[in-house]
>>> print(open('final-v4.pdb').read())   # PDB, C-alpha atoms
ATOM      1  CA  MET A1017      16.787  -9.144  -8.017  1.00  0.00           C
ATOM      2  CA  ARG A1018      20.461  -8.260  -7.528  1.00  0.00           C
ATOM      3  CA  GLU A1019      21.775  -4.718  -7.431  1.00  0.00           C
ATOM      4  CA  PRO A1020      24.914  -3.380  -5.752  1.00  0.00           C
ATOM      5  CA  ASN A1021      23.031  -0.810  -3.649  1.00  0.00           C
ATOM      6  CA  LEU A1022      19.962  -2.890  -2.893  1.00  0.00           C
ATOM      7  CA  GLU A1023      19.647  -5.285   0.013  1.00  0.00           C
ATOM      8  CA  LEU A1024      16.631  -7.533   0.536  1.00  0.00           C
ATOM      9  CA  ARG A1025      16.037  -8.533   4.138  1.00  0.00           C
ATOM     10  CA  GLN A1026      13.415 -10.569   5.915  1.00  0.00           C
ATOM     11  CA  SER A1027      12.464  -9.267   9.332  1.00  0.00           C
ATOM     12  CA  ASP A1028       9.419  -8.348  11.423  1.00  0.00           C
ATOM     13  CA  ILE A1029       8.845  -4.586  11.536  1.00  0.00           C
ATOM     14  CA  VAL A1030       6.315  -5.031  14.346  1.00  0.00           C
ATOM     15  CA  ALA A1031       8.970  -6.660  16.522  1.00  0.00           C
ATOM     16  CA  ASP A1032      12.126  -4.612  15.917  1.00  0.00           C
ATOM     17  CA  PRO A1033      13.433  -1.486  14.207  1.00  0.00           C
ATOM     18  CA  VAL A1034      15.909  -1.806  11.338  1.00  0.00           C
ATOM     19  CA  GLU A1035      19.245  -0.058  11.952  1.00  0.00           C
ATOM     20  CA  PRO A1036      17.852   2.751  14.141  1.00  0.00           C
ATOM     21  CA  GLY A1037      18.659   6.353  13.279  1.00  0.00           C
ATOM     22  CA  THR A1038      20.182   5.679   9.872  1.00  0.00           C
ATOM     23  CA  PHE A1039      17.622   6.129   7.078  1.00  0.00           C
ATOM     24  CA  ASP A1040      16.935   9.280   5.054  1.00  0.00           C
ATOM     25  CA  LEU A1041      13.607   7.824   3.971  1.00  0.00           C
ATOM     26  CA  VAL A1042      11.456   5.071   5.404  1.00  0.00           C
ATOM     27  CA  THR A1043       8.378   4.166   3.399  1.00  0.00           C
ATOM     28  CA  ALA A1044       5.642   1.549   3.286  1.00  0.00           C
ATOM     29  CA  ARG A1045       2.754   1.265   0.847  1.00  0.00           C
ATOM     30  CA  ALA A1046      -0.339  -0.904   1.213  1.00  0.00           C
ATOM     31  CA  VAL A1047       1.261  -2.747   4.111  1.00  0.00           C
ATOM     32  CA  LEU A1048      -0.090  -1.424   7.398  1.00  0.00           C
ATOM     33  CA  HIS A1049      -3.751  -2.227   6.693  1.00  0.00           C
ATOM     34  CA  HIS A1050      -2.768  -5.904   6.902  1.00  0.00           C
ATOM     35  CA  VAL A1051      -0.758  -5.510  10.121  1.00  0.00           C
ATOM     36  CA  GLN A1052      -2.400  -6.373  13.437  1.00  0.00           C
ATOM     37  CA  ASN A1053      -0.358  -3.851  15.393  1.00  0.00           C
ATOM     38  CA  PRO A1054       0.281  -0.932  13.034  1.00  0.00           C
ATOM     39  CA  ASP A1055       1.353   1.370  15.863  1.00  0.00           C
ATOM     40  CA  ALA A1056       4.238  -0.942  16.760  1.00  0.00           C
ATOM     41  CA  ALA A1057       5.252  -1.096  13.098  1.00  0.00           C
ATOM     42  CA  ILE A1058       5.150   2.700  12.770  1.00  0.00           C
ATOM     43  CA  VAL A1059       7.166   3.177  15.990  1.00  0.00           C
ATOM     44  CA  ASN A1060       9.852   0.902  14.540  1.00  0.00           C
ATOM     45  CA  MET A1061       9.787   2.696  11.199  1.00  0.00           C
ATOM     46  CA  VAL A1062      10.177   6.072  12.935  1.00  0.00           C
ATOM     47  CA  ALA A1063      13.085   4.623  14.933  1.00  0.00           C
ATOM     48  CA  GLY A1064      14.811   3.890  11.641  1.00  0.00           C
ATOM     49  CA  LEU A1065      14.929   7.577  10.667  1.00  0.00           C
ATOM     50  CA  ARG A1066      18.028   9.651  11.058  1.00  0.00           C
ATOM     51  CA  PRO A1067      17.411  13.204  12.400  1.00  0.00           C
ATOM     52  CA  GLY A1068      15.743  15.112   9.550  1.00  0.00           C
ATOM     53  CA  GLY A1069      14.714  11.915   7.770  1.00  0.00           C
ATOM     54  CA  ALA A1070      11.239  11.414   6.320  1.00  0.00           C
ATOM     55  CA  LEU A1071       8.596   8.763   6.873  1.00  0.00           C
ATOM     56  CA  LEU A1072       6.136   8.264   4.002  1.00  0.00           C
ATOM     57  CA  LEU A1073       3.147   5.987   4.490  1.00  0.00           C
ATOM     58  CA  ILE A1074       0.596   5.209   1.776  1.00  0.00           C
ATOM     59  CA  GLU A1075      -2.424   3.162   2.791  1.00  0.00           C
ATOM     60  CA  PRO A1076      -5.962   2.647   1.537  1.00  0.00           C
ATOM     61  CA  ASP A1077      -9.129   4.165   2.901  1.00  0.00           C
ATOM     62  CA  LEU A1078     -12.257   2.639   1.367  1.00  0.00           C
ATOM     63  CA  LEU A1079     -14.404   5.675   2.084  1.00  0.00           C
ATOM     64  CA  PRO A1080     -15.442   5.955  -1.617  1.00  0.00           C
ATOM     65  CA  VAL A1081     -17.145   2.551  -1.690  1.00  0.00           C
ATOM     66  CA  SER A1082     -19.833   3.880   0.640  1.00  0.00           C
ATOM     67  CA  ILE A1083     -21.230   5.936  -2.245  1.00  0.00           C
ATOM     68  CA  VAL A1084     -20.589   3.742  -5.313  1.00  0.00           C
ATOM     69  CA  GLU A1085     -23.411   2.775  -7.650  1.00  0.00           C
ATOM     70  CA  PRO A1086     -25.207   0.613  -8.535  1.00  0.00           C
ATOM     71  CA  PRO A1087     -26.483  -0.800  -5.221  1.00  0.00           C
ATOM     72  CA  ASP A1088     -25.330  -4.376  -5.916  1.00  0.00           C
ATOM     73  CA  VAL A1089     -21.743  -3.145  -6.297  1.00  0.00           C
ATOM     74  CA  ARG A1090     -22.080  -1.365  -2.984  1.00  0.00           C
ATOM     75  CA  ALA A1091     -23.454  -4.620  -1.545  1.00  0.00           C
ATOM     76  CA  PHE A1092     -20.342  -6.413  -2.786  1.00  0.00           C
ATOM     77  CA  TRP A1093     -18.104  -3.876  -1.037  1.00  0.00           C
ATOM     78  CA  GLU A1094     -20.111  -4.123   2.165  1.00  0.00           C
ATOM     79  CA  GLY A1095     -19.556  -7.885   2.080  1.00  0.00           C
ATOM     80  CA  TRP A1096     -15.875  -7.373   1.278  1.00  0.00           C
ATOM     81  CA  LEU A1097     -15.467  -5.017   4.237  1.00  0.00           C
ATOM     82  CA  ALA A1098     -17.304  -7.412   6.562  1.00  0.00           C
ATOM     83  CA  TRP A1099     -14.970 -10.236   5.464  1.00  0.00           C
ATOM     84  CA  ALA A1100     -11.926  -7.987   5.855  1.00  0.00           C
ATOM     85  CA  GLY A1101     -12.984  -6.981   9.352  1.00  0.00           C
ATOM     86  CA  GLU A1102     -13.136 -10.641  10.359  1.00  0.00           C
ATOM     87  CA  ARG A1103      -9.666 -11.179   8.889  1.00  0.00           C
ATOM     88  CA  GLY A1104      -8.165  -8.258  10.788  1.00  0.00           C
ATOM     89  CA  ILE A1105      -7.678  -6.079   7.690  1.00  0.00           C
ATOM     90  CA  ASN A1106      -8.279  -2.366   8.307  1.00  0.00           C
ATOM     91  CA  TYR A1107      -9.470  -0.739   5.086  1.00  0.00           C
ATOM     92  CA  PHE A1108     -10.054   2.557   6.889  1.00  0.00           C
ATOM     93  CA  ILE A1109      -6.520   2.953   8.180  1.00  0.00           C
ATOM     94  CA  GLY A1110      -5.762   5.789   5.735  1.00  0.00           C
ATOM     95  CA  ARG A1111      -7.615   8.347   7.821  1.00  0.00           C
ATOM     96  CA  THR A1112      -5.684   7.341  10.959  1.00  0.00           C
ATOM     97  CA  LEU A1113      -2.168   7.862   9.585  1.00  0.00           C
ATOM     98  CA  ALA A1114      -1.707  11.565  10.316  1.00  0.00           C
ATOM     99  CA  PRO A1115      -2.797  11.407  13.965  1.00  0.00           C
ATOM    100  CA  ARG A1116      -0.652   8.317  14.487  1.00  0.00           C
ATOM    101  CA  LEU A1117       2.435  10.162  13.185  1.00  0.00           C
ATOM    102  CA  ALA A1118       1.590  13.263  15.223  1.00  0.00           C
ATOM    103  CA  GLY A1119       1.471  11.101  18.331  1.00  0.00           C
ATOM    104  CA  LEU A1120       5.031   9.949  17.688  1.00  0.00           C
ATOM    105  CA  GLY A1121       6.592  13.404  17.569  1.00  0.00           C
ATOM    106  CA  LEU A1122       7.176  13.701  13.836  1.00  0.00           C
ATOM    107  CA  MET A1123       7.250  17.245  12.476  1.00  0.00           C
ATOM    108  CA  LYS A1124       5.555  18.985   9.526  1.00  0.00           C
ATOM    109  CA  ILE A1125       3.060  16.155   8.990  1.00  0.00           C
ATOM    110  CA  SER A1126       1.118  16.473   5.765  1.00  0.00           C
ATOM    111  CA  GLY A1127      -1.062  14.228   3.659  1.00  0.00           C
ATOM    112  CA  THR A1128      -3.193  13.790   0.575  1.00  0.00           C
ATOM    113  CA  ALA A1129      -5.760  11.206  -0.487  1.00  0.00           C
ATOM    114  CA  GLU A1130      -6.153  10.255  -4.143  1.00  0.00           C
ATOM    115  CA  THR A1131      -9.081   8.387  -5.635  1.00  0.00           C
ATOM    116  CA  ALA A1132      -8.840   6.967  -9.137  1.00  0.00           C
ATOM    117  CA  ILE A1133     -11.956   6.997 -11.300  1.00  0.00           C
ATOM    118  CA  TYR A1134     -11.929   3.918 -13.546  1.00  0.00           C
ATOM    119  CA  ASN A1135     -14.145   1.827 -15.794  1.00  0.00           C
ATOM    120  CA  GLY A1136     -14.661  -1.812 -16.565  1.00  0.00           C
ATOM    121  CA  GLY A1137     -11.833  -3.239 -18.666  1.00  0.00           C
ATOM    122  CA  SER A1138      -9.229  -0.796 -17.275  1.00  0.00           C
ATOM    123  CA  TYR A1139      -6.088  -1.853 -15.420  1.00  0.00           C
ATOM    124  CA  ARG A1140      -7.659  -0.753 -12.147  1.00  0.00           C
ATOM    125  CA  ALA A1141     -10.664  -2.951 -12.817  1.00  0.00           C
ATOM    126  CA  ASP A1142      -8.257  -5.768 -13.762  1.00  0.00           C
ATOM    127  CA  TYR A1143      -6.475  -5.324 -10.435  1.00  0.00           C
ATOM    128  CA  TRP A1144      -9.696  -5.864  -8.502  1.00  0.00           C
ATOM    129  CA  ILE A1145     -10.743  -8.751 -10.734  1.00  0.00           C
ATOM    130  CA  GLN A1146      -7.378 -10.407 -10.082  1.00  0.00           C
ATOM    131  CA  THR A1147      -7.626  -9.774  -6.334  1.00  0.00           C
ATOM    132  CA  VAL A1148     -11.204 -10.996  -5.985  1.00  0.00           C
ATOM    133  CA  THR A1149     -10.516 -14.029  -8.181  1.00  0.00           C
ATOM    134  CA  GLU A1150      -7.596 -15.017  -5.935  1.00  0.00           C
ATOM    135  CA  LEU A1151      -9.758 -14.616  -2.850  1.00  0.00           C
ATOM    136  CA  ARG A1152     -13.055 -15.889  -4.273  1.00  0.00           C
ATOM    137  CA  HIS A1153     -13.172 -19.145  -2.338  1.00  0.00           C
ATOM    138  CA  GLU A1154     -12.268 -17.408   0.898  1.00  0.00           C
ATOM    139  CA  LEU A1155     -14.816 -14.622   0.335  1.00  0.00           C
ATOM    140  CA  VAL A1156     -17.702 -16.912  -0.539  1.00  0.00           C
ATOM    141  CA  SER A1157     -16.958 -19.411   2.221  1.00  0.00           C
ATOM    142  CA  SER A1158     -16.969 -16.534   4.733  1.00  0.00           C
ATOM    143  CA  GLY A1159     -20.665 -16.077   3.922  1.00  0.00           C
ATOM    144  CA  LYS A1160     -20.210 -12.322   3.506  1.00  0.00           C
ATOM    145  CA  VAL A1161     -20.682 -12.377  -0.280  1.00  0.00           C
ATOM    146  CA  ASP A1162     -22.209 -15.007  -2.554  1.00  0.00           C
ATOM    147  CA  ASP A1163     -21.174 -16.287  -5.972  1.00  0.00           C
ATOM    148  CA  ALA A1164     -23.741 -14.144  -7.794  1.00  0.00           C
ATOM    149  CA  LEU A1165     -22.364 -10.984  -6.193  1.00  0.00           C
ATOM    150  CA  VAL A1166     -18.789 -11.985  -7.089  1.00  0.00           C
ATOM    151  CA  ASP A1167     -19.787 -12.754 -10.685  1.00  0.00           C
ATOM    152  CA  MET A1168     -21.453  -9.356 -10.959  1.00  0.00           C
ATOM    153  CA  PHE A1169     -18.314  -7.672  -9.594  1.00  0.00           C
ATOM    154  CA  LEU A1170     -16.083  -9.439 -12.120  1.00  0.00           C
ATOM    155  CA  GLY A1171     -17.834  -7.794 -15.084  1.00  0.00           C
ATOM    156  CA  THR A1172     -15.854  -5.746 -17.595  1.00  0.00           C
ATOM    157  CA  ASP A1173     -18.438  -3.245 -18.878  1.00  0.00           C
ATOM    158  CA  PRO A1174     -16.468  -0.237 -20.197  1.00  0.00           C
ATOM    159  CA  THR A1175     -19.471   2.062 -19.720  1.00  0.00           C
ATOM    160  CA  TRP A1176     -19.427   1.419 -15.962  1.00  0.00           C
ATOM    161  CA  TRP A1177     -17.319   3.978 -14.139  1.00  0.00           C
ATOM    162  CA  THR A1178     -16.556   3.635 -10.484  1.00  0.00           C
ATOM    163  CA  ARG A1179     -14.120   4.290  -7.662  1.00  0.00           C
ATOM    164  CA  ALA A1180     -12.934   2.276  -4.700  1.00  0.00           C
ATOM    165  CA  ILE A1181      -9.952   3.520  -2.719  1.00  0.00           C
ATOM    166  CA  ALA A1182      -8.854   6.853  -1.346  1.00  0.00           C
ATOM    167  CA  PHE A1183      -5.124   6.121  -1.279  1.00  0.00           C
ATOM    168  CA  THR A1184      -3.915   8.202   1.621  1.00  0.00           C
ATOM    169  CA  ALA A1185      -0.302   9.342   1.566  1.00  0.00           C
ATOM    170  CA  VAL A1186       1.006  10.956   4.733  1.00  0.00           C
ATOM    171  CA  HIS A1187       4.538  12.003   5.534  1.00  0.00           C
ATOM    172  CA  GLY A1188       6.349  13.501   8.491  1.00  0.00           C
ATOM    173  CA  TRP A1189       9.896  14.419   9.433  1.00  0.00           C
ATOM    174  CA  ALA A1190      12.078  13.259  12.290  1.00  0.00           C
ATOM    175  CA  PRO A1191      13.176  16.258  14.391  1.00  0.00           C
ATOM    176  CA  VAL A1192      16.732  17.501  13.858  1.00  0.00           C
ATOM    177  CA  ARG A1193      18.387  17.178  17.262  1.00  0.00           C
TER
ATOM    178  CA  MET B 896      -2.512 -13.471  14.489  1.00  0.00           C
ATOM    179  CA  PRO B 897      -4.548 -14.072  11.300  1.00  0.00           C
ATOM    180  CA  LYS B 898      -2.576 -15.312   8.299  1.00  0.00           C
ATOM    181  CA  TYR B 899      -1.876 -12.738   5.569  1.00  0.00           C
ATOM    182  CA  VAL B 900      -4.651 -13.269   3.022  1.00  0.00           C
ATOM    183  CA  LEU B 901      -2.705 -12.543  -0.190  1.00  0.00           C
ATOM    184  CA  GLY B 902       0.361 -14.744   0.112  1.00  0.00           C
ATOM    185  CA  HIS B 903       2.961 -15.042  -2.640  1.00  0.00           C
ATOM    186  CA  ASP B 904       1.900 -18.682  -3.103  1.00  0.00           C
ATOM    187  CA  LEU B 905      -1.574 -17.733  -4.377  1.00  0.00           C
ATOM    188  CA  LYS B 906      -2.239 -18.459  -8.025  1.00  0.00           C
ATOM    189  CA  GLY B 907      -2.055 -15.198  -9.955  1.00  0.00           C
ATOM    190  CA  GLU B 908      -0.318 -13.250  -7.165  1.00  0.00           C
ATOM    191  CA  GLY B 909       2.597 -12.311  -9.428  1.00  0.00           C
ATOM    192  CA  THR B 910       0.132 -10.818 -11.901  1.00  0.00           C
ATOM    193  CA  ARG B 911      -1.691  -8.968  -9.114  1.00  0.00           C
ATOM    194  CA  LEU B 912       1.525  -7.478  -7.743  1.00  0.00           C
ATOM    195  CA  ALA B 913       2.612  -6.424 -11.227  1.00  0.00           C
ATOM    196  CA  LEU B 914      -0.717  -4.645 -11.723  1.00  0.00           C
ATOM    197  CA  MET B 915      -0.325  -3.014  -8.318  1.00  0.00           C
ATOM    198  CA  SER B 916       3.136  -1.754  -9.295  1.00  0.00           C
ATOM    199  CA  GLN B 917       1.795  -0.391 -12.558  1.00  0.00           C
ATOM    200  CA  LEU B 918      -1.054   1.423 -10.804  1.00  0.00           C
ATOM    201  CA  LEU B 919       0.646   2.690  -7.648  1.00  0.00           C
ATOM    202  CA  ASP B 920       4.354   3.133  -8.372  1.00  0.00           C
ATOM    203  CA  PRO B 921       3.877   6.429 -10.259  1.00  0.00           C
ATOM    204  CA  MET B 922       2.002   7.934  -7.297  1.00  0.00           C
ATOM    205  CA  HIS B 923       4.496   6.558  -4.773  1.00  0.00           C
ATOM    206  CA  ARG B 924       7.446   7.871  -6.800  1.00  0.00           C
ATOM    207  CA  ARG B 925       5.817  11.287  -7.140  1.00  0.00           C
ATOM    208  CA  TYR B 926       5.476  11.581  -3.346  1.00  0.00           C
ATOM    209  CA  ILE B 927       9.063  10.428  -2.787  1.00  0.00           C
ATOM    210  CA  ASP B 928      10.377  12.896  -5.361  1.00  0.00           C
ATOM    211  CA  ALA B 929       8.448  15.711  -3.668  1.00  0.00           C
ATOM    212  CA  LEU B 930      10.184  14.946  -0.351  1.00  0.00           C
ATOM    213  CA  GLY B 931      13.560  15.503  -1.991  1.00  0.00           C
ATOM    214  CA  VAL B 932      15.381  13.152   0.374  1.00  0.00           C
ATOM    215  CA  VAL B 933      16.473  10.424  -2.036  1.00  0.00           C
ATOM    216  CA  ARG B 934      19.756  11.613  -3.458  1.00  0.00           C
ATOM    217  CA  PRO B 935      22.938   9.745  -4.304  1.00  0.00           C
ATOM    218  CA  GLY B 936      24.273   8.357  -1.028  1.00  0.00           C
ATOM    219  CA  ALA B 937      20.911   8.462   0.749  1.00  0.00           C
ATOM    220  CA  ARG B 938      19.607   5.369   2.508  1.00  0.00           C
ATOM    221  CA  THR B 939      16.015   4.240   2.046  1.00  0.00           C
ATOM    222  CA  LEU B 940      14.126   1.531   3.893  1.00  0.00           C
ATOM    223  CA  GLU B 941      11.070   0.181   2.099  1.00  0.00           C
ATOM    224  CA  VAL B 942       8.968  -1.938   4.419  1.00  0.00           C
ATOM    225  CA  GLY B 943       6.969  -4.643   2.653  1.00  0.00           C
ATOM    226  CA  CYS B 944       8.254  -4.279  -0.891  1.00  0.00           C
ATOM    227  CA  GLY B 945       5.863  -6.658  -2.699  1.00  0.00           C
ATOM    228  CA  ASN B 946       7.566  -7.498  -5.976  1.00  0.00           C
ATOM    229  CA  GLY B 947      10.310  -4.931  -5.310  1.00  0.00           C
ATOM    230  CA  SER B 948       9.345  -2.585  -8.135  1.00  0.00           C
ATOM    231  CA  MET B 949       9.688   0.601  -6.075  1.00  0.00           C
ATOM    232  CA  SER B 950      13.139  -0.080  -4.623  1.00  0.00           C
ATOM    233  CA  HIS B 951      14.377  -1.411  -7.917  1.00  0.00           C
ATOM    234  CA  GLY B 952      12.964   1.544  -9.856  1.00  0.00           C
ATOM    235  CA  SER B 953      14.401   4.108  -7.417  1.00  0.00           C
ATOM    236  CA  LEU B 954      17.869   2.622  -7.825  1.00  0.00           C
ATOM    237  CA  ASN B 955      17.591   2.835 -11.590  1.00  0.00           C
ATOM    238  CA  ALA B 956      16.448   6.454 -11.335  1.00  0.00           C
ATOM    239  CA  LEU B 957      19.518   7.318  -9.225  1.00  0.00           C
ATOM    240  CA  ARG B 958      22.070   5.482 -11.320  1.00  0.00           C
ATOM    241  CA  PRO B 959      24.458   7.801 -13.154  1.00  0.00           C
ATOM    242  CA  ALA B 960      23.704   8.011 -16.857  1.00  0.00           C
ATOM    243  CA  GLU B 961      25.882   5.778 -19.007  1.00  0.00           C
ATOM    244  CA  LYS B 962      28.525   7.551 -21.029  1.00  0.00           C
ATOM    245  CA  GLN B 963      27.581   7.971 -24.651  1.00  0.00           C
TER
END
>>> encode(input="final-v4.pdb", output="structure tokens")
Amino acid sequence: MREPNLELRQSDIVADPVEPGTFDLVTARAVLHHVQNPDAAIVNMVAGLRPGGALLLIEPDLLPVSIVEPPDVRAFWEGWLAWAGERGINYFIGRTLAPRLAGLGLMKISGTAETAIYNGGSYRADYWIQTVTELRHELVSSGKVDDALVDMFLGTDPTWWTRAIAFTAVHGWAPVR
Amino acid sequence: MPKYVLGHDLKGEGTRLALMSQLLDPMHRRYIDALGVVRPGARTLEVGCGNGSMSHGSLNALRPAEKQ
């Protein structure tokens, strides 16, 4: 990917800010739930903002899986969450974003959570099938889900409608000094 | 620190990231547009860009239209 106004860098956002005080927008999506120290990452992202710049974070919150039907699908998600907890993945980080930003002095913090409703055979179902297929060995060997539960989850029944993630988008503004 | 579970070396990861872009980029772009901060000359930092679809797409959206 080469573009005149696009620069790809490799660095550790938990360790250091990137060019402090210079960005109009800093954003991360589906990143922080995998980070062991999200507060350090957010501090460094906030440090990147120029005065009046905006931070936009979008992260999952798996609140909806607590009510999905049928029960074996909910059992799959419970196993998934147990595995994720062991691997240090926080699938409930969405609800923590706003208070984290408030604690860092950002202004006019606001957020929304969106939950897609989808059925078997849709792109959203395909996304989860792809994800669970990639992780199948890891999931099953963790003992949190078994092969039968994974096979059930990988079904493509178009009459089955479900939901999984409340994607939580929160933004705040760096104070104008 | 535990290793990231969905590394780029996993079989099918390119497909998964492409699906993720297809599903989440429209929402992400809608939120960015609503902020009104990305204008010509603005600087954006995207942390953890996956396959790069957001940064790449934003640049294309900002590029001046080609002369007819």
>>> resolve_selection(input="final-v4.pdb", expression="the PyMOL selection byres ((chain A) within 6 of (chain B))", output="list in words")
Phe1039, Asp1040, Leu1041, Val1042, Thr1043, Ala1044, Tyr1143 and Gln1146 of chain A
>>> write_last_selection(input="final-v4.pdb", atoms="C-alpha atoms", output="mmCIF file, in the frame of the given file")
data_model
loop_
_atom_site.group_PDB
_atom_site.id
_atom_site.type_symbol
_atom_site.label_atom_id
_atom_site.label_comp_id
_atom_site.auth_asym_id
_atom_site.auth_seq_id
_atom_site.Cartn_x
_atom_site.Cartn_y
_atom_site.Cartn_z
ATOM 1 C CA PHE A 1039 17.622 6.129 7.078
ATOM 2 C CA ASP A 1040 16.935 9.280 5.054
ATOM 3 C CA LEU A 1041 13.607 7.824 3.971
ATOM 4 C CA VAL A 1042 11.456 5.071 5.404
ATOM 5 C CA THR A 1043 8.378 4.166 3.399
ATOM 6 C CA ALA A 1044 5.642 1.549 3.286
ATOM 7 C CA TYR A 1143 -6.475 -5.324 -10.435
ATOM 8 C CA GLN A 1146 -7.378 -10.407 -10.082
#
>>> resolve_selection(input="final-v4.pdb", expression="the PyMOL selection byres ((chain A and resi 1115) around 12)", output="PDB file with C-alpha atoms, in the coordinates of the input")
ATOM      1  CA  ASP A1055       1.353   1.370  15.863  1.00  0.00           C
ATOM      2  CA  ILE A1058       5.150   2.700  12.770  1.00  0.00           C
ATOM      3  CA  ILE A1109      -6.520   2.953   8.180  1.00  0.00           C
ATOM      4  CA  GLY A1110      -5.762   5.789   5.735  1.00  0.00           C
ATOM      5  CA  ARG A1111      -7.615   8.347   7.821  1.00  0.00           C
ATOM      6  CA  THR A1112      -5.684   7.341  10.959  1.00  0.00           C
ATOM      7  CA  LEU A1113      -2.168   7.862   9.585  1.00  0.00           C
ATOM      8  CA  ALA A1114      -1.707  11.565  10.316  1.00  0.00           C
ATOM      9  CA  ARG A1116      -0.652   8.317  14.487  1.00  0.00           C
ATOM     10  CA  LEU A1117       2.435  10.162  13.185  1.00  0.00           C
ATOM     11  CA  ALA A1118       1.590  13.263  15.223  1.00  0.00           C
ATOM     12  CA  GLY A1119       1.471  11.101  18.331  1.00  0.00           C
ATOM     13  CA  LEU A1120       5.031   9.949  17.688  1.00  0.00           C
ATOM     14  CA  GLY A1121       6.592  13.404  17.569  1.00  0.00           C
ATOM     15  CA  LEU A1122       7.176  13.701  13.836  1.00  0.00           C
ATOM     16  CA  MET A1123       7.250  17.245  12.476  1.00  0.00           C
ATOM     17  CA  ILE A1125       3.060  16.155   8.990  1.00  0.00           C
ATOM     18  CA  SER A1126       1.118  16.473   5.765  1.00  0.00           C
ATOM     19  CA  GLY A1127      -1.062  14.228   3.659  1.00  0.00           C
ATOM     20  CA  VAL A1186       1.006  10.956   4.733  1.00  0.00           C
ATOM     21  CA  HIS A1187       4.538  12.003   5.534  1.00  0.00           C
ATOM     22  CA  GLY A1188       6.349  13.501   8.491  1.00  0.00           C
TER      23      GLY A1188
END
>>> residues_around(input="final-v4.pdb", residues="Glu1085 in chain A", least_positions_apart="2", cutoff="10 Å", atoms="only C-alpha atoms", output="PyMOL selection string")
chain A and resi 1081-1083+1087-1091+1176-1179
>>> resolve_selection(input="final-v4.pdb", expression="the PyMOL selection byres ((chain A and resi 1036) around 8)", output="list in words")
Pro1033, Val1034, Glu1035, Gly1037, Thr1038, Phe1039, Ala1063, Gly1064, Leu1065 and Arg1066 of chain A
>>> write_last_selection(input="final-v4.pdb", atoms="C-alpha atoms", output="PDB file, in the coordinates of the input")
ATOM      1  CA  PRO A1033      13.433  -1.486  14.207  1.00  0.00           C
ATOM      2  CA  VAL A1034      15.909  -1.806  11.338  1.00  0.00           C
ATOM      3  CA  GLU A1035      19.245  -0.058  11.952  1.00  0.00           C
ATOM      4  CA  GLY A1037      18.659   6.353  13.279  1.00  0.00           C
ATOM      5  CA  THR A1038      20.182   5.679   9.872  1.00  0.00           C
ATOM      6  CA  PHE A1039      17.622   6.129   7.078  1.00  0.00           C
ATOM      7  CA  ALA A1063      13.085   4.623  14.933  1.00  0.00           C
ATOM      8  CA  GLY A1064      14.811   3.890  11.641  1.00  0.00           C
ATOM      9  CA  LEU A1065      14.929   7.577  10.667  1.00  0.00           C
ATOM     10  CA  ARG A1066      18.028   9.651  11.058  1.00  0.00           C
TER      11      ARG A1066
END
>>> atom_distance(input="final-v4.pdb", atom1="CA of Glu1094 in chain A", atom2="CA of Leu1078 in chain A")
10.4 Å
>>> residues_around(input="final-v4.pdb", residues="range 1029-1031 of chain A", least_positions_apart="2", cutoff="7 Å", atoms="all atoms listed in the file", output="list of chain:residue names")
A:Ser1027, A:Pro1033, A:Asn1053, A:Ala1056, A:Ala1057, A:Asn1060
>>> write_last_selection(input="final-v4.pdb", atoms="C-alpha atoms", output="PDB file, in the coordinates of the input")
ATOM      1  CA  SER A1027      12.464  -9.267   9.332  1.00  0.00           C
ATOM      2  CA  PRO A1033      13.433  -1.486  14.207  1.00  0.00           C
ATOM      3  CA  ASN A1053      -0.358  -3.851  15.393  1.00  0.00           C
ATOM      4  CA  ALA A1056       4.238  -0.942  16.760  1.00  0.00           C
ATOM      5  CA  ALA A1057       5.252  -1.096  13.098  1.00  0.00           C
ATOM      6  CA  ASN A1060       9.852   0.902  14.540  1.00  0.00           C
TER       7      ASN A1060
END
>>> atom_distance(input="final-v4.pdb", atom1="CA of Gln1052 in chain A", atom2="CA of Ala1100 in chain A")
12.3 Å
>>> atom_distance(input="final-v4.pdb", atom1="CA of Ala1046 in chain A", atom2="CA of Pro1076 in chain A")
6.7 Å
>>> residues_around(input="final-v4.pdb", residues="range 1158-1165 of chain A", least_positions_apart="4", cutoff="10 Å", atoms="all atoms listed in the file", output="list of chain:residue names")
A:Asp1088, A:Val1089, A:Ala1091, A:Phe1092, A:Trp1093, A:Glu1094, A:Gly1095, A:Trp1096, A:Leu1097, A:Ala1098, A:Trp1099, A:Ala1100, A:Glu1102, A:Arg1103, A:Arg1152, A:His1153, A:Glu1154, A:Phe1169, A:Leu1170
>>> residues_around(input="final-v4.pdb", residues="Asn1135 in chain A", least_positions_apart="2", cutoff="8 Å", atoms="only C-alpha atoms", output="JSON list (two decimals) with C-alpha atoms, in the coordinates of the input")
[["chain", "number", "residue", "atom", "x", "y", "z"],
["A", 1133, "ILE", "CA", -11.96, 7.00, -11.30],
["A", 1137, "GLY", "CA", -11.83, -3.24, -18.67],
["A", 1138, "SER", "CA", -9.23, -0.80, -17.27],
["A", 1140, "ARG", "CA", -7.66, -0.75, -12.15],
["A", 1141, "ALA", "CA", -10.66, -2.95, -12.82],
["A", 1172, "THR", "CA", -15.85, -5.75, -17.60],
["A", 1173, "ASP", "CA", -18.44, -3.24, -18.88],
["A", 1174, "PRO", "CA", -16.47, -0.24, -20.20],
["A", 1175, "THR", "CA", -19.47, 2.06, -19.72],
["A", 1176, "TRP", "CA", -19.43, 1.42, -15.96],
["A", 1177, "TRP", "CA", -17.32, 3.98, -14.14],
["A", 1178, "THR", "CA", -16.56, 3.64, -10.48]]
